[in-house]
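A.B. asks: For reference, this is start26.txt, and it has compact mmCIF, C-alpha atoms.
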```txt
# COMPACT_ATOMS: atom_id res chain seq x y z
CA MET A 1 62.04 18.15 -104.78
CA THR A 2 60.69 19.74 -107.93
CA VAL A 3 61.98 16.78 -109.93
CA PHE A 4 59.41 14.59 -108.21
CA ARG A 5 56.57 16.96 -108.85
CA TRP A 6 54.14 15.71 -111.39
CA THR A 7 53.65 18.51 -113.86
CA PRO A 8 50.29 18.18 -115.54
CA SER A 9 50.67 18.07 -119.28
CA LEU A 10 47.89 17.82 -121.80
CA LEU A 11 49.95 15.36 -123.84
CA GLY A 12 50.21 13.03 -120.87
CA VAL A 13 46.48 13.23 -120.27
CA LEU A 14 45.79 12.56 -123.95
CA LEU A 15 47.90 9.41 -123.76
CA CYS A 16 46.15 8.28 -120.57
CA VAL A 17 42.70 8.94 -121.98
CA LEU A 18 43.41 7.18 -125.26
CA SER A 19 45.11 4.16 -123.70
CA GLY A 20 42.39 3.93 -121.07
CA SER A 21 39.75 3.93 -123.76
CA VAL A 22 41.55 1.30 -125.79
CA LEU A 23 42.06 -0.94 -122.75
CA ALA A 24 38.42 -0.63 -121.73
CA GLN A 25 36.83 -4.05 -121.95
CA SER A 26 33.25 -2.95 -121.47
CA GLU A 27 31.37 0.28 -121.13
CA GLY A 28 28.72 1.28 -118.65
CA SER A 29 25.04 1.03 -119.57
CA ARG A 30 23.79 4.51 -118.69
CA LEU A 31 22.86 6.68 -121.67
CA LEU A 32 25.41 8.76 -123.54
CA ALA A 33 26.48 12.01 -121.82
CA THR A 34 24.72 11.13 -118.52
CA GLY A 35 28.11 11.18 -116.75
CA ALA A 36 28.43 14.85 -117.77
CA ALA A 37 31.97 16.24 -117.95
CA ALA A 38 34.72 16.78 -115.38
CA SER A 39 34.54 20.05 -113.50
CA LEU A 40 37.69 21.97 -112.55
CA GLU A 41 37.55 20.47 -109.05
CA GLY A 42 37.25 16.89 -110.31
CA ALA A 43 33.57 16.19 -109.60
CA SER A 44 31.39 15.36 -112.58
CA GLY A 45 29.40 18.31 -113.85
CA GLY A 46 30.08 21.17 -116.20
CA GLY A 47 33.29 23.19 -116.34
CA ILE A 48 32.86 25.18 -113.13
CA VAL A 49 29.64 23.85 -111.53
CA PRO A 50 29.28 20.28 -110.24
CA MET A 51 26.10 18.33 -110.94
CA ALA A 52 24.19 15.61 -109.11
CA VAL A 53 25.12 13.03 -111.76
CA LEU A 54 27.97 10.61 -111.05
CA SER A 55 30.95 10.26 -113.39
CA GLY A 56 31.21 7.56 -116.01
CA TYR A 57 28.37 5.40 -117.27
CA GLY A 58 27.87 2.82 -114.52
CA THR A 59 24.30 1.90 -113.59
CA ARG A 60 23.12 0.76 -110.15
CA GLU A 61 24.81 -2.61 -110.85
CA GLU A 62 27.97 -1.32 -112.53
CA GLN A 63 31.06 0.74 -111.77
CA GLY A 64 33.58 2.71 -113.76
CA GLY A 65 36.01 5.56 -113.82
CA THR A 66 37.26 8.56 -115.73
CA LEU A 67 40.51 10.37 -116.44
CA PHE A 68 40.55 13.99 -117.50
CA GLY A 69 42.68 16.98 -118.31
CA SER A 70 41.50 20.59 -118.50
CA LEU A 71 42.98 23.95 -119.38
CA VAL A 72 41.77 27.47 -118.69
CA GLN A 73 43.56 30.38 -120.34
CA THR A 74 42.76 34.01 -119.59
CA ASP A 75 44.74 37.17 -120.31
CA ASP A 76 46.93 36.92 -117.21
CA TYR A 77 46.45 33.41 -115.85
CA ALA A 78 46.61 29.80 -116.96
CA LEU A 79 45.10 26.92 -114.99
CA SER A 80 45.76 23.29 -115.84
CA VAL A 81 43.99 20.44 -114.11
CA ILE A 82 44.55 16.74 -114.25
CA GLY A 83 42.47 14.19 -112.42
CA GLY A 84 40.33 11.13 -112.31
CA SER A 85 37.30 9.62 -110.67
CA TRP A 86 35.68 6.32 -109.77
CA SER A 87 31.97 5.74 -109.46
CA TRP A 88 30.32 2.75 -107.79
CA HIS A 89 26.78 1.52 -108.48
CA ASN A 90 25.63 5.02 -109.48
CA ARG A 91 25.68 5.75 -105.76
CA LEU A 92 29.17 6.98 -104.82
CA GLU A 93 31.71 8.99 -106.78
CA VAL A 94 35.23 9.67 -105.53
CA SER A 95 37.53 12.01 -107.40
CA LEU A 96 41.03 13.42 -107.32
CA ALA A 97 42.19 16.58 -109.05
CA ARG A 98 45.47 18.42 -109.16
CA GLN A 99 45.34 22.05 -110.20
CA ARG A 100 48.25 24.22 -111.25
CA LEU A 101 47.75 27.95 -111.62
CA SER A 102 50.43 29.91 -113.50
CA HIS A 103 50.47 33.56 -112.48
CA GLN A 104 53.65 35.12 -113.87
CA PRO A 105 52.09 38.61 -114.34
CA LEU A 106 50.95 38.61 -110.69
CA SER A 107 54.44 37.61 -109.50
CA GLU A 108 55.96 40.45 -111.49
CA ARG A 109 53.46 42.92 -110.05
CA LEU A 110 54.12 41.71 -106.48
CA GLY A 111 57.88 41.34 -107.02
CA VAL A 112 57.91 37.75 -105.78
CA ALA A 113 59.64 34.70 -107.21
CA PRO A 114 57.03 31.91 -107.14
CA SER A 115 55.01 31.96 -110.35
CA SER A 116 52.61 29.08 -109.81
CA ILE A 117 50.29 27.64 -107.18
CA GLU A 118 49.30 24.00 -106.94
CA GLN A 119 46.31 22.54 -105.19
CA ARG A 120 45.12 18.99 -104.59
CA ILE A 121 41.40 18.22 -104.28
CA PHE A 122 39.87 15.04 -102.95
CA GLY A 123 36.16 14.79 -103.69
CA ALA A 124 33.31 12.46 -102.81
CA LYS A 125 29.70 12.62 -103.95
CA VAL A 126 26.74 10.48 -102.92
CA ARG A 127 23.51 10.22 -104.90
CA LEU A 128 20.73 10.64 -102.35
CA VAL A 129 17.56 10.26 -104.43
CA GLY A 130 16.22 10.34 -107.94
CA ASP A 131 17.43 9.54 -111.40
CA LEU A 132 18.57 12.21 -113.85
CA ILE A 133 16.14 10.96 -116.51
CA TYR A 134 13.60 8.47 -115.18
CA THR A 135 12.10 9.95 -112.02
CA PRO A 136 9.71 12.94 -112.06
CA TRP A 137 11.85 14.65 -109.40
CA PRO A 138 15.51 15.54 -110.04
CA GLN A 139 18.54 13.49 -109.11
CA VAL A 140 19.88 14.94 -105.87
CA SER A 141 23.42 14.38 -104.58
CA LEU A 142 25.49 15.55 -101.64
CA GLY A 143 29.20 16.16 -102.16
CA VAL A 144 32.36 17.22 -100.36
CA GLN A 145 35.62 18.58 -101.72
CA HIS A 146 38.65 18.65 -99.47
CA LYS A 147 41.24 21.05 -100.84
CA GLN A 148 44.90 21.35 -99.95
CA ASN A 149 46.78 24.38 -101.25
CA GLU A 150 50.43 23.41 -101.64
CA ASP A 151 51.97 26.82 -102.37
CA PHE A 152 50.63 29.04 -99.65
CA PHE A 153 53.22 31.84 -99.90
CA VAL A 154 51.29 34.14 -102.23
CA PRO A 155 47.82 33.33 -100.74
CA ALA A 156 49.15 34.08 -97.23
CA ALA A 157 50.57 37.39 -98.47
CA ALA A 158 47.12 38.22 -99.88
CA GLY A 159 45.59 37.67 -96.44
CA ALA A 160 44.20 34.14 -96.70
CA ARG A 161 43.91 32.44 -93.32
CA ASP A 162 44.21 28.72 -94.11
CA ASP A 163 45.97 26.55 -96.67
CA SER A 164 43.22 23.93 -96.67
CA GLY A 165 39.45 23.79 -96.55
CA THR A 166 36.45 21.63 -97.23
CA ASP A 167 33.50 22.56 -99.44
CA VAL A 168 30.14 20.84 -98.95
CA TYR A 169 27.55 21.01 -101.72
CA LEU A 170 24.07 19.81 -102.58
CA SER A 171 23.19 19.45 -106.27
CA ALA A 172 19.88 18.80 -108.02
CA THR A 173 19.99 17.88 -111.70
CA LYS A 174 17.20 17.00 -114.13
CA LEU A 175 17.17 16.09 -117.80
CA VAL A 176 13.79 17.16 -119.13
CA LEU A 177 13.14 14.92 -122.15
CA ALA A 178 11.81 16.98 -125.06
CA GLY A 179 11.89 19.90 -122.62
CA LEU A 180 12.69 22.72 -125.06
CA ALA A 181 11.13 22.56 -128.52
CA GLY A 182 11.52 18.79 -128.48
CA ARG A 183 15.20 18.94 -127.46
CA ASN A 184 16.32 17.48 -124.16
CA LEU A 185 16.89 20.18 -121.57
CA LEU A 186 19.50 19.81 -118.81
CA LEU A 187 18.92 21.84 -115.65
CA ASN A 188 21.17 21.95 -112.59
CA ALA A 189 21.29 23.90 -109.35
CA THR A 190 24.01 23.58 -106.71
CA ALA A 191 24.32 25.14 -103.26
CA ARG A 192 27.85 25.15 -101.87
CA SER A 193 29.16 25.97 -98.42
CA THR A 194 32.70 27.27 -98.85
CA LYS A 195 35.37 29.67 -97.63
CA ALA A 196 37.69 29.04 -100.58
CA ASN A 197 39.20 32.02 -102.38
CA GLN A 198 39.33 31.40 -106.14
CA LEU A 199 38.61 27.64 -105.67
CA GLY A 200 41.19 27.59 -102.85
CA LEU A 201 44.07 28.55 -105.14
CA VAL A 202 44.26 31.79 -103.11
CA GLY A 203 43.74 29.90 -99.85
CA PHE A 204 40.76 29.83 -97.51
CA GLY A 205 39.09 32.58 -95.51
CA GLY A 206 40.42 36.08 -95.09
CA ASP A 207 40.25 39.36 -93.23
CA LEU A 208 36.73 40.27 -94.50
CA ASN A 209 35.22 36.89 -93.72
CA ASN A 210 36.56 33.68 -92.24
CA GLU A 211 33.35 31.64 -92.08
CA ALA A 212 31.95 29.20 -94.62
CA GLU A 213 29.15 30.81 -96.65
CA TRP A 214 26.48 29.31 -98.92
CA MET A 215 26.97 30.09 -102.60
CA ALA A 216 24.53 29.50 -105.48
CA GLU A 217 25.64 27.85 -108.69
CA VAL A 218 23.48 27.05 -111.71
CA SER A 219 23.94 25.48 -115.10
CA ALA A 220 21.65 24.74 -118.01
CA GLY A 221 22.07 23.23 -121.42
CA VAL A 222 20.25 21.90 -124.44
CA PHE A 223 21.13 18.68 -126.24
CA LEU A 224 20.97 19.45 -129.97
CA ASN A 225 21.11 15.67 -130.37
CA ARG A 226 22.54 13.02 -128.08
CA HIS A 227 26.12 13.94 -129.01
CA TRP A 228 26.08 17.74 -128.71
CA LEU A 229 25.25 19.86 -125.67
CA VAL A 230 25.32 23.67 -125.60
CA GLY A 231 24.80 25.59 -122.40
CA ALA A 232 25.94 28.08 -119.81
CA GLU A 233 26.96 28.16 -116.15
CA TYR A 234 27.02 30.73 -113.37
CA ARG A 235 28.91 30.35 -110.11
CA GLN A 236 28.63 32.75 -107.19
CA LYS A 237 31.91 33.32 -105.36
CA PRO A 238 32.78 34.47 -101.85
CA ASP A 239 34.63 37.73 -101.24
CA ASN A 240 36.81 37.10 -98.22
CA LEU A 241 39.84 39.30 -98.88
CA SER A 242 40.02 43.10 -98.75
CA PHE A 243 43.30 43.06 -100.71
CA ILE A 244 41.85 41.31 -103.76
CA LEU A 245 38.33 41.31 -105.18
CA GLU A 246 36.67 38.09 -106.25
CA ASP A 247 33.94 38.11 -108.88
CA ASP A 248 31.33 35.51 -109.79
CA TRP A 249 32.26 33.20 -112.67
CA ARG A 250 30.34 32.32 -115.81
CA THR A 251 30.83 30.18 -118.87
CA ALA A 252 29.14 29.38 -122.16
CA PHE A 253 30.06 25.91 -123.35
CA VAL A 254 29.76 23.30 -126.06
CA GLY A 255 30.13 19.63 -125.11
CA TRP A 256 30.78 16.86 -127.60
CA PHE A 257 30.08 13.22 -126.68
CA PRO A 258 31.02 11.16 -129.76
CA ASN A 259 30.83 7.89 -127.77
CA LYS A 260 30.99 6.61 -124.19
CA GLN A 261 34.80 6.53 -124.21
CA VAL A 262 35.67 10.17 -124.86
CA SER A 263 34.14 13.61 -124.41
CA LEU A 264 35.38 17.10 -125.14
CA VAL A 265 34.14 20.40 -123.73
CA ALA A 266 35.09 23.85 -125.03
CA ALA A 267 33.94 27.01 -123.31
CA TRP A 268 34.20 30.76 -123.20
CA VAL A 269 34.85 31.85 -119.63
CA ASP A 270 34.47 35.10 -117.73
CA LEU A 271 36.20 35.00 -114.34
CA GLY A 272 35.90 38.74 -113.69
CA GLU A 273 38.66 40.21 -111.53
CA VAL A 274 41.22 37.64 -110.34
CA ALA A 275 43.83 38.75 -107.78
CA THR A 276 44.09 42.39 -108.93
CA PHE A 277 43.83 41.64 -112.66
CA PRO A 278 40.38 42.73 -113.96
CA ASP A 279 38.34 41.30 -116.84
CA GLN A 280 39.80 37.82 -116.97
CA THR A 281 38.00 36.35 -119.94
CA GLY A 282 39.31 33.50 -122.02
CA TRP A 283 38.74 29.91 -123.04
CA TYR A 284 38.42 26.52 -121.46
CA LEU A 285 39.09 23.10 -122.91
CA SER A 286 38.53 19.75 -121.23
CA LEU A 287 39.11 16.21 -122.45
CA GLU A 288 37.73 13.24 -120.54
CA GLY A 289 38.02 9.51 -121.06
CA SER A 290 35.61 7.04 -119.44
CA PHE A 291 36.18 3.36 -118.83
CA MET B 292 42.87 44.30 -125.05
CA SER B 293 40.95 47.43 -124.15
CA ARG B 294 37.78 47.18 -122.11
CA GLY B 295 35.82 48.52 -125.08
CA ILE B 296 36.88 45.67 -127.35
CA LYS B 297 36.23 43.15 -124.59
CA ALA B 298 32.75 44.51 -124.05
CA LEU B 299 32.10 44.00 -127.76
CA ILE B 300 33.33 40.41 -127.55
CA ARG B 301 31.40 39.71 -124.37
CA ILE B 302 27.99 40.76 -125.62
CA PRO B 303 27.86 38.67 -128.79
CA ALA B 304 28.66 35.46 -126.90
CA LYS B 305 25.64 36.01 -124.67
CA VAL B 306 23.44 37.18 -127.52
CA VAL B 307 24.36 34.16 -129.63
CA PHE B 308 23.53 31.74 -126.80
CA VAL B 309 20.25 33.37 -125.79
CA GLY B 310 19.38 33.93 -129.46
CA GLY B 311 20.05 30.27 -130.13
CA LEU B 312 17.61 29.24 -127.40
CA PHE B 313 14.92 31.48 -128.91
CA VAL B 314 15.48 30.03 -132.38
CA LEU B 315 15.18 26.52 -130.93
CA SER B 316 12.00 27.28 -129.03
CA ALA B 317 10.54 29.05 -132.07
CA CYS B 318 11.03 25.91 -134.20
CA GLY B 319 8.58 24.04 -132.01
CA HIS B 320 5.83 26.49 -132.84
CA LEU B 321 6.09 26.47 -136.63
CA GLY B 322 2.78 25.13 -137.82
CA PRO B 323 0.56 22.58 -136.08
CA GLN B 324 2.56 19.92 -134.25
CA LYS B 325 2.20 16.46 -135.78
CA ASN B 326 0.67 13.79 -133.62
CA LEU B 327 3.54 11.72 -132.17
CA TYR B 328 2.22 8.51 -133.73
CA GLN B 329 2.22 10.14 -137.17
CA ALA B 330 5.70 11.55 -136.54
CA LEU B 331 6.91 8.02 -135.77
CA GLY B 332 5.62 6.94 -139.19
CA GLY B 333 2.31 5.41 -138.10
CA ALA B 334 1.83 1.65 -137.94
CA LYS B 335 4.56 1.02 -140.52
CA GLY B 336 7.07 3.24 -138.70
CA VAL B 337 6.38 1.74 -135.27
CA ASP B 338 6.56 -1.78 -136.71
CA ALA B 339 9.98 -1.01 -138.20
CA ILE B 340 11.28 0.56 -134.97
CA VAL B 341 10.16 -2.41 -132.85
CA TYR B 342 11.67 -4.84 -135.37
CA GLU B 343 15.01 -2.99 -135.21
CA LEU B 344 14.79 -3.04 -131.40
CA ILE B 345 14.24 -6.80 -131.27
CA VAL B 346 17.16 -7.41 -133.64
CA ARG B 347 19.36 -5.41 -131.25
CA ILE B 348 18.02 -7.16 -128.13
CA ALA B 349 18.90 -10.51 -129.71
CA ASP B 350 22.47 -9.30 -130.11
CA ASP B 351 22.96 -7.81 -126.63
CA GLU B 352 24.21 -10.15 -123.91
CA ARG B 353 23.00 -7.79 -121.15
CA VAL B 354 19.33 -8.40 -121.97
CA VAL B 355 18.97 -11.32 -124.38
CA ASP B 356 18.65 -13.97 -121.62
CA ARG B 357 15.45 -12.29 -120.40
CA PHE B 358 13.80 -13.13 -123.74
CA HIS B 359 14.61 -16.85 -123.93
CA ASN B 360 11.11 -18.02 -123.02
CA VAL B 361 9.29 -15.05 -124.47
CA ASP B 362 6.92 -15.44 -127.42
CA ILE B 363 8.62 -12.84 -129.63
CA SER B 364 5.72 -12.24 -132.01
CA ARG B 365 3.40 -11.67 -129.05
CA PHE B 366 5.97 -9.37 -127.42
CA LYS B 367 6.35 -7.47 -130.70
CA ALA B 368 2.60 -6.99 -131.14
CA GLY B 369 2.15 -5.96 -127.51
CA LEU B 370 4.99 -3.42 -127.62
CA GLU B 371 3.72 -1.96 -130.90
CA THR B 372 0.25 -1.48 -129.44
CA TYR B 373 1.74 0.04 -126.29
CA ILE B 374 3.87 2.53 -128.26
CA CYS B 375 0.89 3.32 -130.51
CA SER B 376 -1.21 3.97 -127.44
CA VAL B 377 1.26 6.23 -125.57
CA ALA B 378 1.93 8.10 -128.85
CA ASN B 379 -1.78 8.94 -129.22
CA GLY B 380 -2.21 6.55 -132.15
CA PRO B 381 -5.51 4.82 -132.96
CA CYS B 382 -4.86 1.93 -130.56
CA ASP B 383 -5.99 1.02 -127.08
CA TYR B 384 -3.41 -0.91 -125.11
CA THR B 385 -5.54 -3.43 -123.20
CA GLY B 386 -2.70 -5.62 -121.95
CA ASP B 387 -1.52 -5.74 -118.36
CA SER B 388 -0.02 -2.58 -116.88
CA MET B 389 3.77 -2.13 -117.01
CA GLN B 390 3.80 -2.87 -113.28
CA VAL B 391 1.98 -6.20 -113.66
CA VAL B 392 3.96 -7.26 -116.74
CA HIS B 393 7.30 -6.73 -114.99
CA ALA B 394 6.39 -7.58 -111.38
CA GLY B 395 8.57 -10.15 -109.65
CA HIS B 396 11.27 -10.16 -112.32
CA GLN B 397 13.66 -7.81 -110.51
CA TYR B 398 14.62 -6.09 -113.76
CA THR B 399 17.82 -4.13 -113.19
CA ASP B 400 18.80 -0.54 -113.87
CA THR B 401 21.34 -1.94 -116.36
CA GLU B 402 18.63 -3.84 -118.26
CA PHE B 403 16.28 -0.85 -118.38
CA ASN B 404 19.00 1.52 -119.60
CA THR B 405 20.13 -1.03 -122.16
CA ILE B 406 16.63 -1.35 -123.64
CA VAL B 407 16.34 2.47 -123.79
CA GLN B 408 19.71 2.71 -125.55
CA LEU B 409 18.73 -0.03 -128.02
CA LEU B 410 15.42 1.75 -128.68
CA ILE B 411 17.31 4.99 -129.42
CA GLU B 412 19.62 3.08 -131.78
CA ALA B 413 16.59 1.47 -133.44
CA MET B 414 14.95 4.87 -133.97
CA GLU B 415 18.23 6.28 -135.33
CA ALA B 416 18.45 3.32 -137.74
CA GLU B 417 14.94 4.17 -138.95
CA GLY B 418 15.84 7.84 -139.39
CA VAL B 419 13.46 9.11 -136.69
CA PRO B 420 14.32 12.78 -136.01
CA THR B 421 15.87 13.66 -132.62
CA VAL B 422 12.82 15.68 -131.56
CA THR B 423 10.44 12.78 -132.27
CA GLN B 424 12.75 10.34 -130.45
CA ASN B 425 12.76 12.62 -127.41
CA ARG B 426 8.97 12.95 -127.38
CA LEU B 427 8.53 9.17 -127.35
CA LEU B 428 11.24 8.69 -124.69
CA ALA B 429 9.54 11.33 -122.53
CA ARG B 430 6.34 9.24 -122.55
CA LEU B 431 8.11 5.94 -121.82
CA ALA B 432 10.61 7.18 -119.19
CA PRO B 433 8.10 7.24 -116.28
CA ASP B 434 7.71 3.45 -116.71
CA TYR B 435 11.11 3.11 -115.03
CA GLU B 436 9.56 3.12 -111.59
CA ALA B 437 7.03 0.41 -112.57
CA ILE B 438 9.73 -1.84 -114.04
CA VAL B 439 13.07 -1.60 -112.23
CA TYR B 440 13.43 -3.76 -109.10
CA GLN B 441 9.70 -4.59 -108.95
```
Any chance you could give the structure as structure tokens?

C.D. replies:
Amino acid sequence: MTVFRWTPSLLGVLLCVLSGSVLAQSEGSRLLATGAAASLEGASGGGIVPMAVLSGYGTREEQGGTLFGSLVQTDDYALSVIGGSWSWHNRLEVSLARQRLSHQPLSERLGVAPSSIEQRIFGAKVRLVGDLIYTPWPQVSLGVQHKQNEDFFVPAAAGARDDSGTDVYLSATKLVLAGLAGRNLLLNATARSTKANQLGLVGFGGDLNNEAEWMAEVSAGVFLNRHWLVGAEYRQKPDNLSFILEDDWRTAFVGWFPNKQVSLVAAWVDLGEVATFPDQTGWYLSLEGSF
Amino acid sequence: MSRGIKALIRIPAKVVFVGGLFVLSACGHLGPQKNLYQALGGAKGVDAIVYELIVRIADDERVVDRFHNVDISRFKAGLETYICSVANGPCDYTGDSMQVVHAGHQYTDTEFNTIVQLLIEAMEAEGVPTVTQNRLLARLAPDYEAIVYQ
């Protein structure tokens, strides 16, 4: 069946993004960069933390979508993600993401054959109140992410209980105009209820804990001008498995929004210890096209 | 890589980011801050920005229909006085409030965002620095609630 498996490739995503942008007949009317970027789980936000903003540039009367491809490379792991989203009337965002984690060093250490894990994520996010820019209070959204791990052999061996799970999160995001020395300041806080181990790539729940727990996630950035955003993220992680430690994640990123069709995010990432391999630092790259 | 080398790499990334934030915030405190109206170029600057905005409105199908029966010179003078007033210039905006001006028109989120985008483009065309643009936008943004769907 492997022939029918869709292997994410950055080249394919590039082609999709570029053709999507070329085919786009009109663009949404929200301001540049207000759709943020695509997070690893498909929801709009930063690299690892979702935000309350909805993807694309559609206003309360418009709709639109995105396509994206992302790569994370650390010393011992590589994660590629491909996905897309659709947002309606700046009210509802639905997203799909397919993640593929390559873990050859882990397979060698465990003496097992499979060297990758795939996961599918279906996401939905509803804007409850507020506008990122125009209301004194932040934009607040409620989201869900249903995750299906499709290669449960290694996660089960590590002690994970389930091959699927659903995260629920509440995000508040505010762009403070001229908030830092005249530059626009982007602030975001997210609370997530989850039992996912390493996003769900190592399954859900475990011997230490098998209940959903609330995790705190924050991100902040400064727009140098309307095209360039620099910032950082922090994401608290559960620790459900006695066999493998799970550390909190953090990133420092630069986002480039040359126009409303394309955006590019590059980041330095620190994932801590991941499934017995300590100090997983590396880089992150994400390309998104909006239409 | 050894842990030692990684620790060396890890620290600079944080230091650079945090250091960058301090440099940015320090910039805002160099010398007395110019009055926003002066930073916009005074009467001449505001006049040029509003002119550039109207040129762009005339060319944008999302908003141009709203201006068909509008007296453009009156609109231009009113907007200039309003910007002058919110930017602490030597003007007193005595026209109707934003709420009264826009009431009953059901202006959309699309129209509001479009005008903001065109204003940003107008300021860019006039070479207004990013920081000055942001300061003006910060003073106009709260009008959203008085304008959209009223």

A.B. asks: So which one's closest to chain B, A:Val144, A:Ala178, A:Leu54, A:Ala36? Using all atoms listed in the file, please.

C.D. replies: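 Under the stated criterion, the closest residue is A:Ala178.
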
A.B. asks: Is there a way to get, as a compact mmCIF listing (two decimals) with C-alpha atoms, in the coordinates of the input, all residues within 12 Å of the point (16.2, -0.9, -116.3) in file coordinates, counting all atoms listed in the file?

C.D. replies:
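As a result, selection26.txt now contains:
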```
# COMPACT_ATOMS: atom_id res chain seq x y z
CA SER A 29 25.04 1.03 -119.57
CA ARG A 30 23.79 4.51 -118.69
CA LEU A 31 22.86 6.68 -121.67
CA THR A 59 24.30 1.90 -113.59
CA ARG A 60 23.12 0.76 -110.15
CA GLU A 61 24.81 -2.61 -110.85
CA ASP A 131 17.43 9.54 -111.40
CA ILE A 133 16.14 10.96 -116.51
CA TYR A 134 13.60 8.47 -115.18
CA ARG B 353 23.00 -7.79 -121.15
CA VAL B 354 19.33 -8.40 -121.97
CA HIS B 393 7.30 -6.73 -114.99
CA HIS B 396 11.27 -10.16 -112.32
CA GLN B 397 13.66 -7.81 -110.51
CA TYR B 398 14.62 -6.09 -113.76
CA THR B 399 17.82 -4.13 -113.19
CA ASP B 400 18.80 -0.54 -113.87
CA THR B 401 21.34 -1.94 -116.36
CA GLU B 402 18.63 -3.84 -118.26
CA PHE B 403 16.28 -0.85 -118.38
CA ASN B 404 19.00 1.52 -119.60
CA THR B 405 20.13 -1.03 -122.16
CA ILE B 406 16.63 -1.35 -123.64
CA VAL B 407 16.34 2.47 -123.79
CA GLN B 408 19.71 2.71 -125.55
CA LEU B 431 8.11 5.94 -121.82
CA ALA B 432 10.61 7.18 -119.19
CA PRO B 433 8.10 7.24 -116.28
CA ASP B 434 7.71 3.45 -116.71
CA TYR B 435 11.11 3.11 -115.03
CA GLU B 436 9.56 3.12 -111.59
CA ALA B 437 7.03 0.41 -112.57
CA ILE B 438 9.73 -1.84 -114.04
CA VAL B 439 13.07 -1.60 -112.23
CA TYR B 440 13.43 -3.76 -109.10
CA GLN B 441 9.70 -4.59 -108.95
```

A.B. asks: What is the CA of Asp356 (chain B) to CA of Arg91 (chain A) distance in Å?

C.D. replies: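 One can read the CA of Asp356 (chain B) to CA of Arg91 (chain A) distance as 26.3 Å.
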
A.B. asks: Give me, as number ranges by chain, all polymer residues having an atom no more than 12 Å from Val346 (chain B), counting only C-alpha atoms and skipping those fewer than 2 positions away in the same chain.

C.D. replies: B: 339-344, 348-351, 354-355, 358, 363, 367, 406, 409-410, 412-413, 416

A.B. asks: Can you tell me how far CA of Lys237 (chain A) sits from CA of Gly282 (chain A), in Å to one decimal?

C.D. replies: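 CA of Gly282 (chain A) lies at a distance of 18.2 Å from CA of Lys237 (chain A).
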
A.B. asks: Contacts of Lys325 (chain B) at 12 Å or less, counting only C-alpha atoms, minus same-chain residues fewer than 5 places along, as a VMD selection string?

C.D. replies: chain B and resid 319 to 320 330 to 333 378 to 380 422 to 423 426

A.B. asks: So that I have them on file, write out the residues from the current selection with C-alpha atoms, as a PDB file, keeping the file's coordinate frame.

C.D. replies:
```
ATOM      1  CA  GLY B 319       8.580  24.040-132.010  1.00  0.00           C
ATOM      2  CA  HIS B 320       5.830  26.490-132.840  1.00  0.00           C
ATOM      3  CA  ALA B 330       5.700  11.550-136.540  1.00  0.00           C
ATOM      4  CA  LEU B 331       6.910   8.020-135.770  1.00  0.00           C
ATOM      5  CA  GLY B 332       5.620   6.940-139.190  1.00  0.00           C
ATOM      6  CA  GLY B 333       2.310   5.410-138.100  1.00  0.00           C
ATOM      7  CA  ALA B 378       1.930   8.100-128.850  1.00  0.00           C
ATOM      8  CA  ASN B 379      -1.780   8.940-129.220  1.00  0.00           C
ATOM      9  CA  GLY B 380      -2.210   6.550-132.150  1.00  0.00           C
ATOM     10  CA  VAL B 422      12.820  15.680-131.560  1.00  0.00           C
ATOM     11  CA  THR B 423      10.440  12.780-132.270  1.00  0.00           C
ATOM     12  CA  ARG B 426       8.970  12.950-127.380  1.00  0.00           C
TER      13      ARG B 426
END
```

A.B. asks: Define the interface residues of chain A facing chain B as those within 9 Å, counting all atoms listed in the file, and report them as JSON, numbers by chain.

C.D. replies: {"A": [28, 29, 30, 31, 32, 58, 59, 60, 61, 62, 75, 133, 134, 135, 136, 176, 177, 178, 179, 180, 181, 182, 183, 184, 222, 224, 225, 226, 230, 231, 232, 252, 268, 270, 279, 281]}

A.B. asks: Which polymer residues have any atom within 10 Å of an atom of Phe153 (chain A), counting all atoms listed in the file, with same-chain residues fewer than 6 positions away left out, as a list in words?

C.D. replies: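 In the requested form, the answer reads Val112, Pro114, Ile117, Ala160, Asp163, Val202 and Gly203 of chain A.
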
A.B. asks: When you draw a straight line from CA of Ser85 (chain A) to CA of Ile48 (chain A), how long is it in Å?

C.D. replies: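 Separation between CA of Ser85 (chain A) and CA of Ile48 (chain A): 16.4 Å.
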
A.B. asks: Quick one: residues within 7 Å of Asp167 (chain A), all atoms listed in the file counted, chain neighbours fewer than 4 positions away excluded, as a list of chain:residue names?

C.D. replies: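 The residues that qualify are A:Val144, A:Gln145, A:His146, A:Arg192, A:Ser193, A:Thr194.
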
A.B. asks: Just checking: using all atoms listed in the file, which residue out of B:Glu371, B:Gly395, B:Asp383, B:Ser388 ends up closest to Gly336 (chain B)?

C.D. replies: B:Glu371

A.B. asks: From the list A:Gly42, A:Gly65, A:Gly130, A:Pro50, which residue is nearest Ala191 (chain A) when using only C-alpha atoms?

C.D. replies: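 Ranking A:Gly42, A:Gly65, A:Gly130, A:Pro50 by distance to Ala191 (chain A), first place goes to A:Pro50.
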
A.B. asks: Tell me which of B:Ala394, B:Ile345, B:Met389, B:Leu327 sits closest to Asp362 (chain B), counting only C-alpha atoms.

C.D. replies: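 Using only C-alpha atoms, the shortest distance to Asp362 (chain B) belongs to B:Ile345.
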
A.B. asks: Find the residue from B:Val392, B:Gly369, B:Asn360, B:Val419 that sits nearest to Tyr328 (chain B); use all atoms listed in the file when measuring.

C.D. replies: B:Val419

A.B. asks: For Pro278 (chain A), which of A:Ser171, A:Ser115, A:Asn188, A:Thr74 is the closest residue, counting all atoms listed in the file?

C.D. replies: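 The closest residue to Pro278 (chain A) is A:Thr74.
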